[in-house]
Amino acid sequence: MLTGLGRSGQKLFSQSGSRRRRTRDRDWILWGIPLAMIAVAGLLIASTQRQANYANWYQHWITAGVGIGIALLLARLSMLRLKPLLIPIYGATVISLVAVRMIGTTALGAQRWISIGGVHVQPSEFAKLAAILLLAAVLDRHPVERPVDLLRPLAVISLPWLLVFIQPDLGTSLVFGALLLTMLYWSGMPFEWLLLLLSPLMTALLAGLFPWGLAAWIPLTLAIAYRSLPWKRVALALVSLVQGASALITPWLWQNGLQDYQRDRLVLFLDPTKDPLGGGYHLLQSTVGIGSGGLFGTGLLQGQLTKLRFIPEQHTDFIFSALGEETGFLGTALVVVGFMLLMWRLLQVAGRARSDFESLVVIGVATMLMFQVVVNIFMTIGLGPVTGIPLPFLSYGRSAMVVNFIALGLCLSVARRSRRALVR
């Protein structure tokens with residue numbers, strides 16, 4: 001029967017199959033959720049600038065259009081072709097971070113931007129993606145099977161982290177730590193070793209807040225080290241040295257390692273009313289704005305607190321407060337659910353990737369996005385300190401938007417390649 005169809009019939013079936021393949025290649029979650037958020041974000045940014053001229057709201061959509069074009073190109077490219085370029089890309093981002101210290105533009109008390117043709121570029125945003133790519137390649141080729149294997153991934157992360165931290169940009173520097181820990185875990189490193197990597201931070205927090213807690217915490221870390229690490233005596237000595245140094249150096253770091261405003265941000269979120277017109281102002285006004293939206297919000301472009309500019313930097317780090325005021329609990333819940341669906345889809349893509357390198361890149365992108373989402377939302381609702389981390393796809397920012405779409409394009413490339421492997 002089928003042989004009687006001839007060439008025209010075969011062509012018809014071929015075209016139908018081609019259409020089905022194109023439909024399968026469209027990942028509606030990875031595309032749809034960011035685009036929907038960008039559409040809403042443009043209106044929110046327009047609302048925040050009604051009484052000011054610090055940002056042209058339509059530039060958010062223009063930047064997104066450029067990012068979409070880049071993502072479409074990367075989605076058609078096999079990510080394995082990028083491997084020979086990873087070290088040059090990483091090196092270029094490190095050089096750009098060094099250049100920020102020399103010729104960078106200063107704003108809001110920090111030197112984070114380079115002006116190129118009148119456009120401010122933030123190299124730290126691109127450094128996050130470069131670190132993900134190189135770290136994925138390192139962990140793919142040299143998985144962490146011994147403690148000494150940690151030196152390579154630590155070296156990859158430490159250099160951009162340090163250069164970003166001294167800008168100073170505490171928020172972005174925290175992203176590098178989250179990337180390292182998550183990608184190490186995804187690569188198969190023992191969970192006990194992750195706890196030991198995190199333990200100096202916990203020791204520092206206890207030393208500053210609850211010194212009596214060190215009596216239980218340090219013996220616990222020593223027990224974990226003795227149980228999970230080789231060379232028991234050497235491991236116990238090193239862990240003891242690190243924990244002791246963390247406890248002793250914390251007071252000095254608190255006074256000399258952070259700027260005054262950074263210390264205020266880390267403390268005042270616990271009780272912003274202690275300085276309602278200073279360090280606690282952002283948090284108080286943000287929570288008031290979100291709460292004033294009620295269940296359904298005041299309507300897009302109708303928020304009074306947003307209109308009157310009660311919340312500084314609302315078009316960037318505090319865009320979630322404008323969302324809460326103008327779309328209410330329903331709008332914020334939809335955004336949170338959208339981010340959850342996006343993360344779920346990225347985890348699926350990472351789990352189905354054809355190579356460990358691709359899987360690690362996708363999990364790194366998922367970590368970068370999710371960490372920023374959680375920290376930003378917690379910050380705006382008063383559950384975390386103000387860290388200057390933008391909300392992906394919603395906050396105004398050219399560099400962040402382009403980087404997010406580059407990352408999205410890489411994930412789409414992995415998803416497309418894994419689907420084609422299943423079809424074959």
# chains A, B, ... in the order shown; residues from 1 in each chain; ligands from 1

call {"tool": "select_by_dssp", "arguments": {"residues": "stretch 10-215 of chain A", "states": "helix (DSSP H, G or I)", "output": "MDAnalysis selection string"}}
result
chainID A and resid 10:25 28:48 57:75 79:103 123:141 147:165 170:186 191:209 211:215

call {"tool": "closest_atom_pairs", "arguments": {"of": "stretch 83-164 of chain A", "to": "stretch 184-196 of chain A", "cutoff": "7 Å", "atoms": "only C-alpha atoms", "output": "tab-separated table"}}
result
residue	atom	partner	partner_atom	distance
A:Leu139	CA	A:Ser187	CA	6.7
A:Pro143	CA	A:Ser187	CA	6.7
A:Val144	CA	A:Met189	CA	5.8
A:Glu145	CA	A:Met189	CA	6.9

call {"tool": "closest_residue", "arguments": {"among": "A:Leu334, A:Leu170, A:Leu323, A:Ala223", "to": "A:Leu391", "atoms": "only C-alpha atoms"}}
result
A:Leu323

call {"tool": "closest_residue", "arguments": {"among": "A:Gly91, A:Gly213, A:Gly397, A:Pro168", "to": "A:Thr316", "atoms": "only C-alpha atoms"}}
result
A:Gly397

call {"tool": "closest_residue", "arguments": {"among": "A:Thr380, A:Ala353, A:Val164, A:Val365", "to": "A:Arg419", "atoms": "only C-alpha atoms"}}
result
A:Ala353

call {"tool": "residues_around", "arguments": {"residues": "stretch 69-86 of chain A", "least_positions_apart": "3", "cutoff": "8 Å", "atoms": "only C-alpha atoms", "output": "CSV table (one decimal) with C-alpha atoms, in the first residue's frame"}}
result
chain,number,residue,atom,x,y,z
A,65,GLY,CA,15.2,40.9,21.7
A,66,VAL,CA,19.0,40.9,21.3
A,89,ILE,CA,36.5,32.9,27.3
A,90,TYR,CA,37.4,32.5,31.0
A,130,ALA,CA,32.4,31.7,32.1
A,133,LEU,CA,31.5,26.6,31.5
A,134,LEU,CA,35.1,26.1,32.6
A,137,ALA,CA,34.7,21.1,31.8
A,358,GLU,CA,26.5,19.4,29.2
A,405,PHE,CA,19.6,34.5,27.5
A,406,ILE,CA,23.1,33.1,26.6
A,407,ALA,CA,22.7,30.6,29.4
A,408,LEU,CA,19.1,29.8,28.2
A,409,GLY,CA,20.4,29.2,24.7
A,410,LEU,CA,23.1,26.8,26.0
A,411,CYS,CA,20.4,24.9,27.9
A,412,LEU,CA,18.2,24.7,24.8
A,413,SER,CA,21.1,23.3,22.8
A,414,VAL,CA,21.5,20.5,25.4
A,416,ARG,CA,17.6,19.7,21.6
A,417,ARG,CA,20.6,17.4,21.3

call {"tool": "residues_around", "arguments": {"residues": "stretch 199-204 of chain A", "least_positions_apart": "3", "cutoff": "12 Å", "atoms": "only C-alpha atoms", "output": "NGL selection string"}}
result
:A and (174 or 177 or 192-196 or 207-222 or 224-225 or 238-254)

call {"tool": "write_last_selection", "arguments": {"atoms": "C-alpha atoms", "output": "short mmCIF file (atom, residue, chain, number, x, y, z; two decimals), in the first residue's frame"}}
result
data_model
loop_
_atom_site.label_atom_id
_atom_site.label_comp_id
_atom_site.auth_asym_id
_atom_site.auth_seq_id
_atom_site.Cartn_x
_atom_site.Cartn_y
_atom_site.Cartn_z
CA LEU A 174 27.86 34.74 46.71
CA GLY A 177 30.00 29.98 46.03
CA GLU A 192 30.28 14.99 53.71
CA TRP A 193 32.96 16.88 51.81
CA LEU A 194 30.42 19.55 50.90
CA LEU A 195 29.61 19.98 54.57
CA LEU A 196 33.30 20.40 55.33
CA ALA A 207 31.68 32.85 66.28
CA GLY A 208 29.97 36.16 65.59
CA LEU A 209 26.46 35.36 66.81
CA PHE A 210 26.50 32.35 69.17
CA PRO A 211 30.09 31.58 70.30
CA TRP A 212 28.83 28.90 72.69
CA GLY A 213 27.63 26.90 69.66
CA LEU A 214 31.24 26.26 68.61
CA ALA A 215 31.57 23.77 71.47
CA ALA A 216 29.26 21.39 69.59
CA TRP A 217 29.90 22.45 66.00
CA ILE A 218 33.69 22.04 65.82
CA PRO A 219 33.69 18.48 67.29
CA LEU A 220 30.98 17.60 64.77
CA THR A 221 33.11 18.77 61.84
CA LEU A 222 36.07 16.81 63.21
CA ILE A 224 32.80 14.17 59.77
CA ALA A 225 36.40 14.68 58.67
CA LEU A 238 43.83 20.56 58.83
CA VAL A 239 40.15 20.78 59.77
CA SER A 240 41.05 21.92 63.28
CA LEU A 241 43.35 24.60 61.84
CA VAL A 242 40.71 25.87 59.40
CA GLN A 243 37.94 25.95 62.02
CA GLY A 244 40.14 27.72 64.55
CA ALA A 245 41.27 30.28 61.99
CA SER A 246 37.67 30.90 60.90
CA ALA A 247 36.57 31.53 64.48
CA LEU A 248 39.50 33.85 65.26
CA ILE A 249 39.53 35.86 62.03
CA THR A 250 35.77 36.54 61.92
CA PRO A 251 35.86 39.73 64.09
CA TRP A 252 38.65 41.20 61.95
CA LEU A 253 36.84 40.38 58.70
CA TRP A 254 33.63 41.91 60.03
#

call {"tool": "atom_distance", "arguments": {"atom1": "atom CA of A:Phe176", "atom2": "atom CA of A:Asp317"}}
result
18.6 Å

call {"tool": "residues_around", "arguments": {"residues": "stretch 337-346 of chain A", "least_positions_apart": "5", "cutoff": "8 Å", "atoms": "only C-alpha atoms", "output": "JSON, numbers by chain"}}
result
{"A": [29, 30, 33, 362, 363, 366, 370, 373, 411]}

call {"tool": "write_last_selection", "arguments": {"atoms": "all heavy atoms", "output": "PDB file, in the first residue's frame"}}
result
ATOM      1  N   ILE A  29       8.402  25.596  27.863  1.00  0.00           N
ATOM      2  CA  ILE A  29       8.669  26.085  29.218  1.00  0.00           C
ATOM      3  C   ILE A  29       9.908  26.972  29.223  1.00  0.00           C
ATOM      4  O   ILE A  29       9.898  28.084  29.774  1.00  0.00           O
ATOM      5  CB  ILE A  29       8.835  24.907  30.198  1.00  0.00           C
ATOM      6  CG1 ILE A  29       7.500  24.170  30.360  1.00  0.00           C
ATOM      7  CG2 ILE A  29       9.327  25.397  31.555  1.00  0.00           C
ATOM      8  CD1 ILE A  29       7.562  22.979  31.287  1.00  0.00           C
ATOM      9  N   LEU A  30      10.982  26.517  28.601  1.00  0.00           N
ATOM     10  CA  LEU A  30      12.223  27.292  28.593  1.00  0.00           C
ATOM     11  C   LEU A  30      12.079  28.602  27.824  1.00  0.00           C
ATOM     12  O   LEU A  30      12.768  29.583  28.121  1.00  0.00           O
ATOM     13  CB  LEU A  30      13.367  26.466  28.017  1.00  0.00           C
ATOM     14  CG  LEU A  30      13.873  25.300  28.871  1.00  0.00           C
ATOM     15  CD1 LEU A  30      15.057  24.615  28.207  1.00  0.00           C
ATOM     16  CD2 LEU A  30      14.265  25.771  30.269  1.00  0.00           C
ATOM     17  N   ILE A  33       8.154  30.895  29.685  1.00  0.00           N
ATOM     18  CA  ILE A  33       8.193  31.548  30.997  1.00  0.00           C
ATOM     19  C   ILE A  33       9.068  32.799  30.983  1.00  0.00           C
ATOM     20  O   ILE A  33       8.635  33.871  31.438  1.00  0.00           O
ATOM     21  CB  ILE A  33       8.642  30.548  32.072  1.00  0.00           C
ATOM     22  CG1 ILE A  33       7.539  29.500  32.292  1.00  0.00           C
ATOM     23  CG2 ILE A  33       8.969  31.256  33.381  1.00  0.00           C
ATOM     24  CD1 ILE A  33       7.906  28.395  33.238  1.00  0.00           C
ATOM     25  N   VAL A 362      24.170  22.801  32.474  1.00  0.00           N
ATOM     26  CA  VAL A 362      22.750  23.097  32.725  1.00  0.00           C
ATOM     27  C   VAL A 362      22.486  23.240  34.217  1.00  0.00           C
ATOM     28  O   VAL A 362      21.752  24.138  34.642  1.00  0.00           O
ATOM     29  CB  VAL A 362      21.860  22.005  32.110  1.00  0.00           C
ATOM     30  CG1 VAL A 362      20.395  22.242  32.467  1.00  0.00           C
ATOM     31  CG2 VAL A 362      22.029  21.970  30.600  1.00  0.00           C
ATOM     32  N   ILE A 363      23.070  22.371  35.030  1.00  0.00           N
ATOM     33  CA  ILE A 363      22.841  22.477  36.477  1.00  0.00           C
ATOM     34  C   ILE A 363      23.486  23.755  37.017  1.00  0.00           C
ATOM     35  O   ILE A 363      22.975  24.363  37.976  1.00  0.00           O
ATOM     36  CB  ILE A 363      23.358  21.219  37.214  1.00  0.00           C
ATOM     37  CG1 ILE A 363      22.532  20.984  38.498  1.00  0.00           C
ATOM     38  CG2 ILE A 363      24.813  21.322  37.559  1.00  0.00           C
ATOM     39  CD1 ILE A 363      21.105  20.650  38.265  1.00  0.00           C
ATOM     40  N   ALA A 366      21.000  26.482  36.130  1.00  0.00           N
ATOM     41  CA  ALA A 366      19.860  26.391  37.042  1.00  0.00           C
ATOM     42  C   ALA A 366      20.209  26.951  38.418  1.00  0.00           C
ATOM     43  O   ALA A 366      19.402  27.660  39.041  1.00  0.00           O
ATOM     44  CB  ALA A 366      19.401  24.935  37.156  1.00  0.00           C
ATOM     45  N   MET A 370      18.335  30.110  40.066  1.00  0.00           N
ATOM     46  CA  MET A 370      17.535  29.847  41.259  1.00  0.00           C
ATOM     47  C   MET A 370      18.096  30.572  42.476  1.00  0.00           C
ATOM     48  O   MET A 370      17.334  31.074  43.315  1.00  0.00           O
ATOM     49  CB  MET A 370      17.469  28.342  41.531  1.00  0.00           C
ATOM     50  CG  MET A 370      16.376  27.945  42.514  1.00  0.00           C
ATOM     51  SD  MET A 370      14.748  28.421  41.886  1.00  0.00           S
ATOM     52  CE  MET A 370      13.720  28.061  43.288  1.00  0.00           C
ATOM     53  N   VAL A 373      16.984  34.111  42.237  1.00  0.00           N
ATOM     54  CA  VAL A 373      15.544  34.230  42.491  1.00  0.00           C
ATOM     55  C   VAL A 373      15.265  34.188  43.994  1.00  0.00           C
ATOM     56  O   VAL A 373      14.552  35.043  44.539  1.00  0.00           O
ATOM     57  CB  VAL A 373      14.772  33.118  41.768  1.00  0.00           C
ATOM     58  CG1 VAL A 373      13.327  33.051  42.244  1.00  0.00           C
ATOM     59  CG2 VAL A 373      14.805  33.332  40.260  1.00  0.00           C
ATOM     60  N   CYS A 411      21.281  25.904  27.367  1.00  0.00           N
ATOM     61  CA  CYS A 411      20.393  24.851  27.888  1.00  0.00           C
ATOM     62  C   CYS A 411      19.479  24.316  26.790  1.00  0.00           C
ATOM     63  O   CYS A 411      19.205  23.112  26.725  1.00  0.00           O
ATOM     64  CB  CYS A 411      19.566  25.387  29.047  1.00  0.00           C
ATOM     65  SG  CYS A 411      20.536  25.846  30.495  1.00  0.00           S
TER      66      CYS A 411
END

call {"tool": "closest_residue", "arguments": {"among": "A:Arg101, A:His120, A:Arg233, A:Lys128", "to": "A:Leu179", "atoms": "only C-alpha atoms"}}
result
A:Lys128

call {"tool": "atom_distance", "arguments": {"atom1": "atom CA of A:Ala41", "atom2": "atom CA of A:Pro123"}}
result
23.2 Å

call {"tool": "residues_around", "arguments": {"residues": "A:Met37", "least_positions_apart": "2", "cutoff": "8 Å", "atoms": "only C-alpha atoms", "output": "VMD selection string"}}
result
chain A and resid 33 to 35 39 to 41 335 393 to 394

call {"tool": "closest_residue", "arguments": {"among": "A:Ile38, A:Leu163, A:Gly299, A:Phe357", "to": "A:Val100", "atoms": "only C-alpha atoms"}}
result
A:Leu163

call {"tool": "residues_around", "arguments": {"residues": "A:Ala400", "least_positions_apart": "2", "cutoff": "10 Å", "atoms": "only C-alpha atoms", "output": "PyMOL selection string"}}
result
chain A and resi 63+121-126+390-393+395-398+402-406
